[in-house]
file start-v7.csv (CSV, C-alpha atoms (C1' of nucleotides))
chain,number,residue,atom,x,y,z
A,39,MET,CA,18.6,-15.4,-16.8
A,40,LYS,CA,20.6,-15.4,-20.0
A,41,GLY,CA,20.7,-12.6,-22.5
A,42,ILE,CA,19.2,-10.0,-20.3
A,43,THR,CA,20.6,-6.5,-20.7
A,44,LYS,CA,22.1,-4.5,-17.8
A,45,LYS,CA,19.2,-2.1,-18.0
A,46,GLU,CA,16.7,-5.0,-17.7
A,47,LYS,CA,18.6,-6.3,-14.7
A,48,PHE,CA,18.6,-2.8,-13.1
A,49,LEU,CA,14.9,-2.5,-13.6
A,50,ALA,CA,14.1,-6.0,-12.3
A,51,THR,CA,16.2,-5.4,-9.2
A,52,THR,CA,14.6,-2.0,-8.6
A,53,LEU,CA,11.1,-3.3,-8.9
A,54,GLN,CA,11.8,-6.2,-6.5
A,55,LEU,CA,13.3,-3.8,-3.9
A,56,ILE,CA,10.3,-1.5,-4.2
A,57,HIS,CA,7.9,-4.4,-3.7
A,58,GLU,CA,9.7,-5.4,-0.5
A,59,LYS,CA,10.2,-2.0,1.1
A,60,GLY,CA,7.9,0.4,-0.8
A,61,PHE,CA,8.9,3.1,-3.2
A,62,LYS,CA,9.7,5.9,-0.7
A,63,ALA,CA,11.7,3.6,1.6
A,64,THR,CA,13.8,2.1,-1.3
A,65,THR,CA,16.8,4.4,-1.7
A,66,LEU,CA,18.9,4.7,-4.8
A,67,ARG,CA,21.7,3.4,-2.5
A,68,ASP,CA,19.8,0.3,-1.8
A,69,ILE,CA,19.5,-0.4,-5.5
A,70,ALA,CA,23.1,0.4,-6.2
A,71,GLN,CA,24.2,-1.9,-3.4
A,72,LYS,CA,22.2,-4.8,-4.6
A,73,LEU,CA,23.7,-4.3,-8.1
A,74,ASN,CA,27.3,-4.0,-6.7
A,75,PHE,CA,28.0,-0.6,-8.0
A,76,GLU,CA,28.0,3.0,-6.7
A,77,VAL,CA,25.0,5.3,-6.3
A,78,ALA,CA,26.0,7.6,-9.1
A,79,ASN,CA,25.7,4.8,-11.6
A,80,VAL,CA,22.0,4.6,-11.0
A,81,TYR,CA,21.7,7.6,-13.2
A,82,ASN,CA,23.0,5.6,-16.2
A,83,TYR,CA,19.5,4.0,-16.2
A,84,ILE,CA,17.1,6.6,-15.0
A,85,ASP,CA,16.7,10.4,-15.1
A,86,SER,CA,15.3,10.6,-11.6
A,87,LYS,CA,13.5,8.4,-9.0
A,88,GLN,CA,10.2,10.2,-9.8
A,89,ALA,CA,10.6,9.6,-13.5
A,90,LEU,CA,11.1,5.9,-12.9
A,91,LEU,CA,7.9,5.7,-10.8
A,92,GLU,CA,5.8,7.6,-13.4
A,93,ALA,CA,7.1,5.6,-16.4
A,94,TYR,CA,6.3,2.2,-14.9
A,95,LEU,CA,3.0,3.3,-13.3
A,96,PHE,CA,1.4,4.8,-16.3
A,97,ASP,CA,2.8,2.1,-18.6
A,98,ILE,CA,1.2,-0.8,-16.7
A,99,SER,CA,-1.9,1.3,-16.2
A,100,ASP,CA,-2.2,1.8,-19.9
A,101,GLU,CA,-2.0,-1.9,-20.5
A,102,PHE,CA,-5.0,-2.5,-18.2
A,103,HIS,CA,-6.9,0.3,-19.9
A,104,ARG,CA,-6.3,-1.0,-23.4
A,105,ALA,CA,-7.4,-4.5,-22.5
A,106,GLN,CA,-10.5,-3.1,-21.0
A,107,ASP,CA,-11.4,-0.9,-23.9
A,108,ARG,CA,-11.0,-3.8,-26.4
A,109,ILE,CA,-13.5,-5.8,-24.5
A,110,ILE,CA,-16.0,-3.0,-23.8
A,111,SER,CA,-16.2,-2.1,-27.4
A,112,SER,CA,-17.2,-5.6,-28.4
A,113,THR,CA,-20.8,-6.9,-28.7
A,114,TYR,CA,-20.6,-9.5,-26.1
A,115,SER,CA,-23.2,-9.8,-23.3
A,116,PRO,CA,-22.4,-8.1,-20.0
A,117,ARG,CA,-21.6,-11.5,-18.5
A,118,GLU,CA,-19.2,-12.5,-21.2
A,119,LYS,CA,-17.6,-9.0,-21.2
A,120,LEU,CA,-17.0,-9.4,-17.5
A,121,ARG,CA,-15.6,-12.9,-17.9
A,122,ARG,CA,-13.1,-11.6,-20.4
A,123,MET,CA,-12.2,-8.6,-18.3
A,124,ILE,CA,-11.4,-10.8,-15.4
A,125,ALA,CA,-9.3,-13.1,-17.6
A,126,SER,CA,-7.4,-10.2,-19.1
A,127,TYR,CA,-6.8,-8.7,-15.7
A,128,ILE,CA,-5.3,-12.0,-14.5
A,129,GLN,CA,-3.2,-12.4,-17.6
A,130,ILE,CA,-1.6,-8.9,-17.2
A,131,THR,CA,-1.0,-9.5,-13.5
A,132,ALA,CA,0.7,-12.8,-14.3
A,133,LYS,CA,2.9,-11.2,-16.9
A,134,ARG,CA,3.9,-8.2,-14.9
A,135,PRO,CA,3.4,-8.9,-11.2
A,136,TYR,CA,6.0,-6.5,-9.9
A,137,GLU,CA,4.7,-3.6,-11.9
A,138,GLN,CA,1.2,-4.5,-10.7
A,139,ALA,CA,2.6,-4.3,-7.2
A,140,LEU,CA,3.9,-0.8,-7.9
A,141,LEU,CA,0.5,0.2,-9.3
A,142,VAL,CA,-1.4,-1.0,-6.2
A,143,ASN,CA,1.0,0.0,-3.5
A,144,ASP,CA,3.0,3.1,-4.6
A,145,TRP,CA,0.7,5.4,-6.7
A,146,ARG,CA,0.5,7.7,-3.7
A,147,ASN,CA,4.1,8.7,-4.3
A,148,LEU,CA,3.2,10.4,-7.6
A,149,LYS,CA,3.5,14.2,-7.4
A,150,GLU,CA,1.0,16.6,-8.8
A,151,PRO,CA,-0.2,16.9,-11.4
A,152,ARG,CA,0.6,13.3,-12.3
A,153,ARG,CA,-1.1,12.0,-9.1
A,154,GLN,CA,-4.4,13.6,-9.9
A,155,GLU,CA,-4.1,12.3,-13.5
A,156,PHE,CA,-3.6,8.8,-12.2
A,157,VAL,CA,-6.6,9.0,-9.8
A,158,LYS,CA,-8.7,10.2,-12.7
A,159,ARG,CA,-7.7,7.4,-15.0
A,160,ARG,CA,-8.3,4.8,-12.3
A,161,LYS,CA,-11.8,6.2,-11.8
A,162,ASP,CA,-12.4,5.9,-15.5
A,163,TYR,CA,-11.4,2.2,-15.3
A,164,GLU,CA,-13.7,1.6,-12.3
A,165,ASP,CA,-16.6,3.5,-14.0
A,166,LYS,CA,-16.3,1.4,-17.2
A,167,LEU,CA,-16.4,-1.8,-15.2
A,168,MET,CA,-19.3,-0.5,-13.2
A,169,ALA,CA,-21.2,0.2,-16.4
A,170,VAL,CA,-20.8,-3.4,-17.4
A,171,LEU,CA,-22.1,-4.6,-14.1
A,172,GLN,CA,-25.1,-2.2,-14.3
A,173,GLU,CA,-25.9,-3.4,-17.7
A,174,GLY,CA,-25.8,-7.0,-16.5
A,175,VAL,CA,-28.1,-6.2,-13.7
A,176,ASP,CA,-30.5,-4.4,-16.0
A,177,GLN,CA,-30.6,-7.3,-18.4
A,178,GLY,CA,-31.2,-9.8,-15.5
A,179,GLN,CA,-27.9,-11.6,-15.9
A,180,PHE,CA,-26.6,-10.4,-12.5
A,181,ARG,CA,-28.4,-10.2,-9.2
A,182,ALA,CA,-30.0,-6.9,-8.1
A,183,LEU,CA,-26.8,-6.0,-6.3
A,184,ASP,CA,-25.3,-2.6,-5.2
A,185,VAL,CA,-23.3,-2.0,-8.4
A,186,GLU,CA,-20.9,0.6,-6.9
A,187,LEU,CA,-20.0,-1.5,-3.9
A,188,THR,CA,-19.7,-4.6,-6.0
A,189,THR,CA,-17.4,-3.0,-8.5
A,190,HIS,CA,-14.9,-2.1,-5.8
A,191,THR,CA,-15.3,-5.5,-4.1
A,192,LEU,CA,-14.7,-7.3,-7.4
A,193,LEU,CA,-11.6,-5.3,-8.3
A,194,ALA,CA,-10.3,-5.8,-4.8
A,195,SER,CA,-10.7,-9.5,-5.2
A,196,LEU,CA,-8.4,-9.4,-8.2
A,197,ARG,CA,-5.9,-6.8,-7.0
A,198,TRP,CA,-4.1,-9.0,-4.5
A,199,LEU,CA,-3.1,-11.6,-7.1
A,200,TYR,CA,0.3,-10.2,-7.9
A,201,LYS,CA,1.5,-11.4,-4.5
A,202,LYS,CA,0.8,-15.0,-5.4
A,203,HIS,CA,2.9,-14.7,-8.5
A,204,ILE,CA,5.7,-13.0,-6.7
A,205,GLU,CA,5.8,-15.2,-3.6
A,206,GLU,CA,4.9,-18.6,-5.0
A,207,ALA,CA,7.9,-20.8,-5.4
A,208,LYS,CA,6.3,-23.3,-7.7
A,209,ALA,CA,4.9,-22.3,-11.0
A,210,ILE,CA,1.2,-21.6,-10.9
A,211,ASN,CA,-1.4,-22.7,-13.4
A,212,PRO,CA,-3.0,-19.6,-15.0
A,213,VAL,CA,-6.0,-21.5,-16.3
A,214,GLU,CA,-6.8,-22.8,-12.9
A,215,ILE,CA,-6.4,-19.4,-11.3
A,216,GLU,CA,-8.8,-17.9,-13.8
A,217,LYS,CA,-11.3,-20.6,-13.2
A,218,GLN,CA,-11.2,-20.3,-9.4
A,219,LEU,CA,-11.4,-16.5,-9.4
A,220,THR,CA,-14.2,-16.4,-12.0
A,221,ASP,CA,-16.2,-19.0,-10.1
A,222,PHE,CA,-15.7,-17.0,-6.9
A,223,ILE,CA,-16.9,-13.8,-8.5
A,224,PHE,CA,-19.7,-15.3,-10.4
A,225,SER,CA,-21.0,-18.0,-8.0
A,226,GLY,CA,-19.4,-17.3,-4.6
A,227,ILE,CA,-18.4,-20.1,-2.3
A,228,LEU,CA,-21.6,-21.8,-1.3
A,229,LYS,CA,-22.5,-25.2,-2.6
A,230,ASN,CA,-25.9,-25.2,-4.4
B,1134,MET,CA,-15.9,17.6,17.5
B,1135,LYS,CA,-16.6,18.8,21.0
B,1136,GLY,CA,-14.8,17.4,24.1
B,1137,ILE,CA,-11.9,15.8,22.2
B,1138,THR,CA,-8.5,16.0,23.8
B,1139,LYS,CA,-5.5,17.5,22.2
B,1140,LYS,CA,-3.9,14.1,22.0
B,1141,GLU,CA,-7.0,12.7,20.2
B,1142,LYS,CA,-6.9,15.5,17.8
B,1143,PHE,CA,-3.2,14.9,17.2
B,1144,LEU,CA,-3.7,11.2,16.5
B,1145,ALA,CA,-6.7,11.8,14.2
B,1146,THR,CA,-4.8,14.4,12.2
B,1147,THR,CA,-1.8,12.1,12.0
B,1148,LEU,CA,-3.7,9.1,10.8
B,1149,GLN,CA,-5.5,11.2,8.2
B,1150,LEU,CA,-2.2,12.5,6.8
B,1151,ILE,CA,-0.7,9.0,6.7
B,1152,HIS,CA,-3.7,7.7,4.8
B,1153,GLU,CA,-3.3,10.4,2.2
B,1154,LYS,CA,0.5,10.3,1.7
B,1155,GLY,CA,1.7,7.1,3.3
B,1156,PHE,CA,3.6,6.6,6.5
B,1157,LYS,CA,7.1,7.2,5.1
B,1158,ALA,CA,6.1,10.3,3.1
B,1159,THR,CA,4.2,11.9,6.0
B,1160,THR,CA,6.8,13.9,7.9
B,1161,LEU,CA,6.5,15.1,11.4
B,1162,ARG,CA,6.6,18.6,10.0
B,1163,ASP,CA,3.5,17.8,7.9
B,1164,ILE,CA,1.7,16.9,11.1
B,1165,ALA,CA,2.9,19.9,13.0
B,1166,GLN,CA,2.0,22.2,10.2
B,1167,LYS,CA,-1.6,20.9,10.1
B,1168,LEU,CA,-1.9,21.3,13.8
B,1169,ASN,CA,-0.4,24.8,13.7
B,1170,PHE,CA,2.6,24.3,16.0
B,1171,GLU,CA,6.3,23.5,15.6
B,1172,VAL,CA,7.9,20.2,14.9
B,1173,ALA,CA,9.3,19.7,18.4
B,1174,ASN,CA,5.8,19.7,19.9
B,1175,VAL,CA,5.1,16.4,18.1
B,1176,TYR,CA,7.1,14.7,20.8
B,1177,ASN,CA,4.6,15.8,23.4
B,1178,TYR,CA,2.4,13.1,22.0
B,1179,ILE,CA,4.7,10.4,20.8
B,1180,ASP,CA,8.1,8.9,21.6
B,1181,SER,CA,9.1,8.4,18.0
B,1182,LYS,CA,7.6,8.0,14.6
B,1183,GLN,CA,8.3,4.3,14.7
B,1184,ALA,CA,6.6,3.8,18.0
B,1185,LEU,CA,3.5,5.5,16.7
B,1186,LEU,CA,3.3,3.1,13.8
B,1187,GLU,CA,3.9,0.0,15.9
B,1188,ALA,CA,1.4,1.0,18.6
B,1189,TYR,CA,-1.5,1.6,16.1
B,1190,LEU,CA,-0.6,-1.3,13.9
B,1191,PHE,CA,-0.5,-4.0,16.6
B,1192,ASP,CA,-3.5,-2.5,18.4
B,1193,ILE,CA,-5.9,-2.8,15.5
B,1194,SER,CA,-4.4,-6.1,14.5
B,1195,ASP,CA,-5.1,-7.4,18.0
B,1196,GLU,CA,-8.7,-6.4,17.7
B,1197,PHE,CA,-9.1,-8.4,14.5
B,1198,HIS,CA,-7.5,-11.4,16.1
B,1199,ARG,CA,-9.6,-11.3,19.2
B,1200,ALA,CA,-12.8,-11.1,17.2
B,1201,GLN,CA,-11.7,-14.0,15.1
B,1202,ASP,CA,-10.7,-16.1,18.1
B,1203,ARG,CA,-14.0,-15.6,19.8
B,1204,ILE,CA,-15.8,-16.9,16.7
B,1205,ILE,CA,-13.5,-19.8,16.0
B,1206,SER,CA,-13.8,-21.2,19.5
B,1207,SER,CA,-17.6,-21.4,19.1
B,1208,THR,CA,-19.6,-24.4,18.0
B,1209,TYR,CA,-21.2,-22.8,15.0
B,1210,SER,CA,-21.1,-24.4,11.6
B,1211,PRO,CA,-18.3,-23.3,9.2
B,1212,ARG,CA,-20.8,-21.4,7.2
B,1213,GLU,CA,-22.1,-19.5,10.3
B,1214,LYS,CA,-18.6,-19.0,11.6
B,1215,LEU,CA,-17.6,-17.4,8.3
B,1216,ARG,CA,-20.7,-15.2,8.2
B,1217,ARG,CA,-19.9,-13.9,11.7
B,1218,MET,CA,-16.2,-13.4,10.8
B,1219,ILE,CA,-17.2,-11.3,7.8
B,1220,ALA,CA,-19.6,-9.3,10.0
B,1221,SER,CA,-17.0,-8.6,12.7
B,1222,TYR,CA,-14.4,-7.7,10.1
B,1223,ILE,CA,-16.8,-5.1,8.6
B,1224,GLN,CA,-17.7,-3.8,12.1
B,1225,ILE,CA,-14.1,-3.2,13.1
B,1226,THR,CA,-13.4,-1.6,9.7
B,1227,ALA,CA,-16.4,0.8,10.2
B,1228,LYS,CA,-15.2,1.7,13.7
B,1229,ARG,CA,-11.6,2.3,12.8
B,1230,PRO,CA,-11.2,2.9,9.1
B,1231,TYR,CA,-8.0,5.0,9.4
B,1232,GLU,CA,-6.2,2.4,11.5
B,1233,GLN,CA,-7.3,-0.2,9.1
B,1234,ALA,CA,-5.8,1.9,6.3
B,1235,LEU,CA,-2.5,1.9,8.2
B,1236,LEU,CA,-2.7,-1.8,8.7
B,1237,VAL,CA,-3.2,-2.5,5.0
B,1238,ASN,CA,-0.9,0.1,3.5
B,1239,ASP,CA,1.9,0.8,5.9
B,1240,TRP,CA,3.0,-2.4,7.6
B,1241,ARG,CA,6.0,-2.6,5.4
B,1242,ASN,CA,7.5,0.3,7.3
B,1243,LEU,CA,7.8,-1.7,10.5
B,1244,LYS,CA,11.4,-2.5,11.4
B,1245,GLU,CA,12.7,-5.8,12.4
B,1246,PRO,CA,12.0,-7.7,14.5
B,1247,ARG,CA,8.5,-6.2,14.6
B,1248,ARG,CA,8.0,-6.6,10.9
B,1249,GLN,CA,8.6,-10.3,11.0
B,1250,GLU,CA,6.3,-10.5,14.1
B,1251,PHE,CA,3.6,-8.8,12.2
B,1252,VAL,CA,3.9,-11.0,9.1
B,1253,LYS,CA,3.7,-14.1,11.3
B,1254,ARG,CA,0.6,-12.8,13.1
B,1255,ARG,CA,-1.1,-12.0,9.8
B,1256,LYS,CA,-0.4,-15.5,8.5
B,1257,ASP,CA,-1.9,-16.9,11.7
B,1258,TYR,CA,-5.1,-14.9,10.9
B,1259,GLU,CA,-5.1,-16.2,7.3
B,1260,ASP,CA,-4.5,-19.8,8.4
B,1261,LYS,CA,-7.4,-19.7,10.9
B,1262,LEU,CA,-9.7,-18.4,8.2
B,1263,MET,CA,-8.4,-21.0,5.8
B,1264,ALA,CA,-9.2,-23.7,8.3
B,1265,VAL,CA,-12.8,-22.6,8.5
B,1266,LEU,CA,-13.1,-22.7,4.7
B,1267,GLN,CA,-11.5,-26.1,4.6
B,1268,GLU,CA,-13.9,-27.4,7.2
B,1269,GLY,CA,-16.8,-26.0,5.2
B,1270,VAL,CA,-15.6,-27.7,2.0
B,1271,ASP,CA,-15.1,-31.0,3.9
B,1272,GLN,CA,-18.6,-30.8,5.3
B,1273,GLY,CA,-20.1,-29.9,1.9
B,1274,GLN,CA,-21.3,-26.5,2.8
B,1275,PHE,CA,-18.9,-24.8,0.4
B,1276,ARG,CA,-18.0,-25.8,-3.1
B,1277,ALA,CA,-14.9,-27.8,-3.8
B,1278,LEU,CA,-12.8,-24.7,-4.2
B,1279,ASP,CA,-9.1,-23.9,-3.9
B,1280,VAL,CA,-9.1,-23.1,-0.2
B,1281,GLU,CA,-5.8,-21.3,-0.1
B,1282,LEU,CA,-6.6,-19.1,-3.1
B,1283,THR,CA,-10.1,-18.4,-1.9
B,1284,THR,CA,-8.9,-17.4,1.5
B,1285,HIS,CA,-6.8,-14.7,0.1
B,1286,THR,CA,-9.4,-13.6,-2.4
B,1287,LEU,CA,-12.0,-13.4,0.3
B,1288,LEU,CA,-9.8,-11.3,2.6
B,1289,ALA,CA,-8.9,-9.0,-0.3
B,1290,SER,CA,-12.6,-8.5,-1.0
B,1291,LEU,CA,-13.0,-7.1,2.5
B,1292,ARG,CA,-9.7,-5.3,2.8
B,1293,TRP,CA,-10.6,-2.3,0.6
B,1294,LEU,CA,-13.7,-1.4,2.6
B,1295,TYR,CA,-12.0,1.2,4.8
B,1296,LYS,CA,-11.7,3.5,1.8
B,1297,LYS,CA,-15.5,3.7,1.5
B,1298,HIS,CA,-15.8,4.7,5.1
B,1299,ILE,CA,-13.1,7.4,4.7
B,1300,GLU,CA,-14.1,8.8,1.4
B,1301,GLU,CA,-17.9,8.6,1.6
B,1302,ALA,CA,-19.5,11.9,2.3
B,1303,LYS,CA,-22.9,10.6,3.3
B,1304,ALA,CA,-23.3,8.1,6.2
B,1305,ILE,CA,-23.3,4.5,5.1
B,1306,ASN,CA,-25.6,1.8,6.2
B,1307,PRO,CA,-23.6,-0.9,8.0
B,1308,VAL,CA,-26.4,-3.5,7.8
B,1309,GLU,CA,-26.6,-3.1,4.0
B,1310,ILE,CA,-22.9,-3.2,3.5
B,1311,GLU,CA,-22.8,-6.5,5.4
B,1312,LYS,CA,-25.6,-7.9,3.4
B,1313,GLN,CA,-24.0,-7.0,0.1
B,1314,LEU,CA,-20.6,-8.3,0.9
B,1315,THR,CA,-21.9,-11.5,2.5
B,1316,ASP,CA,-24.0,-12.1,-0.6
B,1317,PHE,CA,-21.1,-11.5,-2.9
B,1318,ILE,CA,-18.8,-13.9,-1.0
B,1319,PHE,CA,-21.4,-16.6,-0.5
B,1320,SER,CA,-23.3,-16.4,-3.8
B,1321,GLY,CA,-21.4,-14.3,-6.3
B,1322,ILE,CA,-23.0,-11.9,-8.7
B,1323,LEU,CA,-24.9,-14.2,-11.1
B,1324,LYS,CA,-28.6,-14.4,-10.9
B,1325,ASN,CA,-29.9,-17.9,-10.4
C,1145,DG,C1',2.8,22.8,26.1
C,1146,DT,C1',5.2,25.8,23.2
C,1147,DC,C1',9.1,27.7,21.3
C,1148,DT,C1',14.2,28.3,19.2
C,1149,DA,C1',18.2,26.1,18.0
C,1150,DT,C1',20.7,22.5,16.5
C,1151,DA,C1',22.7,17.8,16.2
C,1152,DA,C1',23.2,13.7,13.4
C,1153,DT,C1',22.0,11.3,9.6
C,1154,DT,C1',20.2,10.3,5.2
C,1155,DC,C1',18.8,11.1,0.6
C,1156,DG,C1',18.5,12.6,-4.3
C,1157,DA,C1',21.3,14.5,-7.6
C,1158,DT,C1',25.5,16.6,-10.0
C,1159,DA,C1',30.4,17.3,-11.5
C,1160,DG,C1',34.2,15.5,-13.5
C,1161,DA,C1',38.1,12.1,-13.9
C,1162,DC,C1',39.2,7.5,-15.8
D,214,DG,C1',29.9,2.7,-17.6
D,215,DT,C1',32.2,3.2,-13.4
D,216,DC,C1',34.3,5.7,-9.9
D,217,DT,C1',35.3,9.5,-6.1
D,218,DA,C1',33.7,13.5,-4.1
D,219,DT,C1',30.5,16.5,-2.7
D,220,DC,C1',26.4,19.6,-2.5
D,221,DG,C1',22.0,21.0,-0.8
D,222,DA,C1',18.0,19.8,1.1
D,223,DA,C1',15.1,17.2,4.2
D,224,DT,C1',14.2,14.4,8.2
D,225,DT,C1',14.1,12.5,12.9
D,226,DA,C1',15.2,13.6,17.3
D,227,DT,C1',17.2,16.2,21.4
D,228,DA,C1',18.4,20.2,24.6
D,229,DG,C1',16.9,23.7,27.0
D,230,DA,C1',14.5,28.3,27.8
D,231,DC,C1',9.9,30.3,28.6
call {"tool": "encode", "arguments": {"input": "start-v7.csv", "output": "structure tokens"}}
result
Amino acid sequence: MKGITKKEKFLATTLQLIHEKGFKATTLRDIAQKLNFEVANVYNYIDSKQALLEAYLFDISDEFHRAQDRIISSTYSPREKLRRMIASYIQITAKRPYEQALLVNDWRNLKEPRRQEFVKRRKDYEDKLMAVLQEGVDQGQFRALDVELTTHTLLASLRWLYKKHIEEAKAINPVEIEKQLTDFIFSGILKN
Amino acid sequence: MKGITKKEKFLATTLQLIHEKGFKATTLRDIAQKLNFEVANVYNYIDSKQALLEAYLFDISDEFHRAQDRIISSTYSPREKLRRMIASYIQITAKRPYEQALLVNDWRNLKEPRRQEFVKRRKDYEDKLMAVLQEGVDQGQFRALDVELTTHTLLASLRWLYKKHIEEAKAINPVEIEKQLTDFIFSGILKN
DNA sequence: GTCTATAATTCGATAGAC
DNA sequence: GTCTATCGAATTATAGAC
């Protein structure tokens, strides 16, 4: 924990508290108390509570989108595209678990018109993933599954992973996580 | 919408609002406004906002536990136990999607000691599911997977389903949902 | 069951001195 | 950057009349 700026410490503390209690339930006084200073000092680091939420939410969201776009614009097969999308999803989650938690749990607290913007962007992400699945089904790489249902199920099976990174005491092996989740999504749990 | 009592209408409206905005962000004034009466009237139906949360959360939670316990105490194989646990999970979700949403999204708002109690009960549920998976691996029905990771992934792949029931305009086919999700979990998405 | 009125508290945010 | 002081608004909850 050396060489971290006060602002970084502020943000790390804030994200941790929000993860535990939720954005709305985490007061600026909670944050100040944990950092051993008074409430007014919070405004040395942020413009407003809402601005903090928006900045982090759209920043991590953008990272997911950029990774997805890079893969989609490649010439890989649907199966390989999906494999890489899963891998990059896991990688971003491992790097920024608390921001992923914010993304999953607290987007409802966005105010209009930002909330609507967020929902639209999320649907874009889902639609792009769905297109890859549909392509894979059409090409016979994937089973004749319900593409819309499977898209949401697949994303849900990845979306919980930030908890493991936050809660796990011992360091986790990212390569093994990726193998396990990819195997689960590609092959399920039954033994052949 | 015939023959529904005022209390039922109150509760349905409340759960819908909480689903949209979250428990903490949904004020008693929001609820009163949607029902076209004043705030004080809310207390004709509940003792407190916290009591409402606790009652619904533990009630739906109990239903999940009871269904799980019935299946676990049977003599079915691990594979068949899991199949039935998935089916009952989907059935409860279909029957009570808004309460499931509360369970998934708003348990953080419980206050101690109820919050700790909830977390403990949820871990019990996960552990029982994990035991079935472990048994299935030991008996060679399931692959040699990471049982702990897979337990959480499997649950996550079911936990989003309430959204479909809430948002879907047209009626959905529960039999088909069950088939799709069971196939996903058992066999993944790859074509053999 | 419905209302008005209000208590008691909490919260986000600002002003201004050091 | 840190503090004290405070404002204005919002929220849960209660009292009591109709």
call {"tool": "closest_residue", "arguments": {"input": "start-v7.csv", "among": "A:Thr191, A:Ala132, A:Val170, A:Gln54", "to": "Tyr114 of chain A", "atoms": "only C-alpha atoms"}}
result
A:Val170
call {"tool": "atom_distance", "arguments": {"input": "start-v7.csv", "atom1": "atom CA of Ser1290 of chain B", "atom2": "atom CA of Ala194 of chain A"}}
result
5.2 Å
call {"tool": "closest_residue", "arguments": {"input": "start-v7.csv", "among": "A:Val175, A:His103, A:Lys133, A:Leu140", "to": "Lys161 of chain A", "atoms": "only C-alpha atoms"}}
result
A:His103
call {"tool": "residues_around", "arguments": {"input": "start-v7.csv", "residues": "DT215 of chain D", "least_positions_apart": "6", "cutoff": "10 Å", "atoms": "all atoms listed in the file", "output": "VMD selection string"}}
result
(chain A and resid 75 to 76 78 to 79 82) or (chain C and resid 1162)
call {"tool": "write_last_selection", "arguments": {"input": "start-v7.csv", "atoms": "C-alpha atoms (C1' of nucleotides)", "output": "compact mmCIF listing (two decimals), in the frame of the given file"}}
result
# COMPACT_ATOMS: atom_id res chain seq x y z
CA PHE A 75 28.00 -0.60 -8.00
CA GLU A 76 28.00 3.00 -6.70
CA ALA A 78 26.00 7.60 -9.10
CA ASN A 79 25.70 4.80 -11.60
CA ASN A 82 23.00 5.60 -16.20
C1' DC C 1162 39.20 7.50 -15.80
call {"tool": "atom_distance", "arguments": {"input": "start-v7.csv", "atom1": "atom CA of Phe48 of chain A", "atom2": "atom CA of Ile84 of chain A"}}
result
9.7 Å
call {"tool": "atom_distance", "arguments": {"input": "start-v7.csv", "atom1": "atom CA of Arg1203 of chain B", "atom2": "atom CA of Leu1215 of chain B"}}
result
12.2 Å
call {"tool": "interface_residues", "arguments": {"input": "start-v7.csv", "of": "chain D", "to": "chain B", "cutoff": "12 Å", "atoms": "all atoms listed in the file", "output": "list in words"}}
result
DA223, DT224, DT225, DA226, DT227 and DA228 of chain D
call {"tool": "interface_residues", "arguments": {"input": "start-v7.csv", "of": "chain B", "to": "chain A", "cutoff": "10 Å", "atoms": "only C-alpha atoms", "output": "ChimeraX atom specification"}}
result
/B:1152-1158,1212,1237-1243,1266,1269-1270,1273-1280,1282-1283,1285-1294,1296-1297,1309-1310,1312-1325
call {"tool": "write_last_selection", "arguments": {"input": "start-v7.csv", "atoms": "C-alpha atoms", "output": "short mmCIF file (atom, residue, chain, number, x, y, z; two decimals), keeping the file's coordinate frame"}}
result
data_model
loop_
_atom_site.label_atom_id
_atom_site.label_comp_id
_atom_site.auth_asym_id
_atom_site.auth_seq_id
_atom_site.Cartn_x
_atom_site.Cartn_y
_atom_site.Cartn_z
CA HIS B 1152 -3.70 7.70 4.80
CA GLU B 1153 -3.30 10.40 2.20
CA LYS B 1154 0.50 10.30 1.70
CA GLY B 1155 1.70 7.10 3.30
CA PHE B 1156 3.60 6.60 6.50
CA LYS B 1157 7.10 7.20 5.10
CA ALA B 1158 6.10 10.30 3.10
CA ARG B 1212 -20.80 -21.40 7.20
CA VAL B 1237 -3.20 -2.50 5.00
CA ASN B 1238 -0.90 0.10 3.50
CA ASP B 1239 1.90 0.80 5.90
CA TRP B 1240 3.00 -2.40 7.60
CA ARG B 1241 6.00 -2.60 5.40
CA ASN B 1242 7.50 0.30 7.30
CA LEU B 1243 7.80 -1.70 10.50
CA LEU B 1266 -13.10 -22.70 4.70
CA GLY B 1269 -16.80 -26.00 5.20
CA VAL B 1270 -15.60 -27.70 2.00
CA GLY B 1273 -20.10 -29.90 1.90
CA GLN B 1274 -21.30 -26.50 2.80
CA PHE B 1275 -18.90 -24.80 0.40
CA ARG B 1276 -18.00 -25.80 -3.10
CA ALA B 1277 -14.90 -27.80 -3.80
CA LEU B 1278 -12.80 -24.70 -4.20
CA ASP B 1279 -9.10 -23.90 -3.90
CA VAL B 1280 -9.10 -23.10 -0.20
CA LEU B 1282 -6.60 -19.10 -3.10
CA THR B 1283 -10.10 -18.40 -1.90
CA HIS B 1285 -6.80 -14.70 0.10
CA THR B 1286 -9.40 -13.60 -2.40
CA LEU B 1287 -12.00 -13.40 0.30
CA LEU B 1288 -9.80 -11.30 2.60
CA ALA B 1289 -8.90 -9.00 -0.30
CA SER B 1290 -12.60 -8.50 -1.00
CA LEU B 1291 -13.00 -7.10 2.50
CA ARG B 1292 -9.70 -5.30 2.80
CA TRP B 1293 -10.60 -2.30 0.60
CA LEU B 1294 -13.70 -1.40 2.60
CA LYS B 1296 -11.70 3.50 1.80
CA LYS B 1297 -15.50 3.70 1.50
CA GLU B 1309 -26.60 -3.10 4.00
CA ILE B 1310 -22.90 -3.20 3.50
CA LYS B 1312 -25.60 -7.90 3.40
CA GLN B 1313 -24.00 -7.00 0.10
CA LEU B 1314 -20.60 -8.30 0.90
CA THR B 1315 -21.90 -11.50 2.50
CA ASP B 1316 -24.00 -12.10 -0.60
CA PHE B 1317 -21.10 -11.50 -2.90
CA ILE B 1318 -18.80 -13.90 -1.00
CA PHE B 1319 -21.40 -16.60 -0.50
CA SER B 1320 -23.30 -16.40 -3.80
CA GLY B 1321 -21.40 -14.30 -6.30
CA ILE B 1322 -23.00 -11.90 -8.70
CA LEU B 1323 -24.90 -14.20 -11.10
CA LYS B 1324 -28.60 -14.40 -10.90
CA ASN B 1325 -29.90 -17.90 -10.40
#
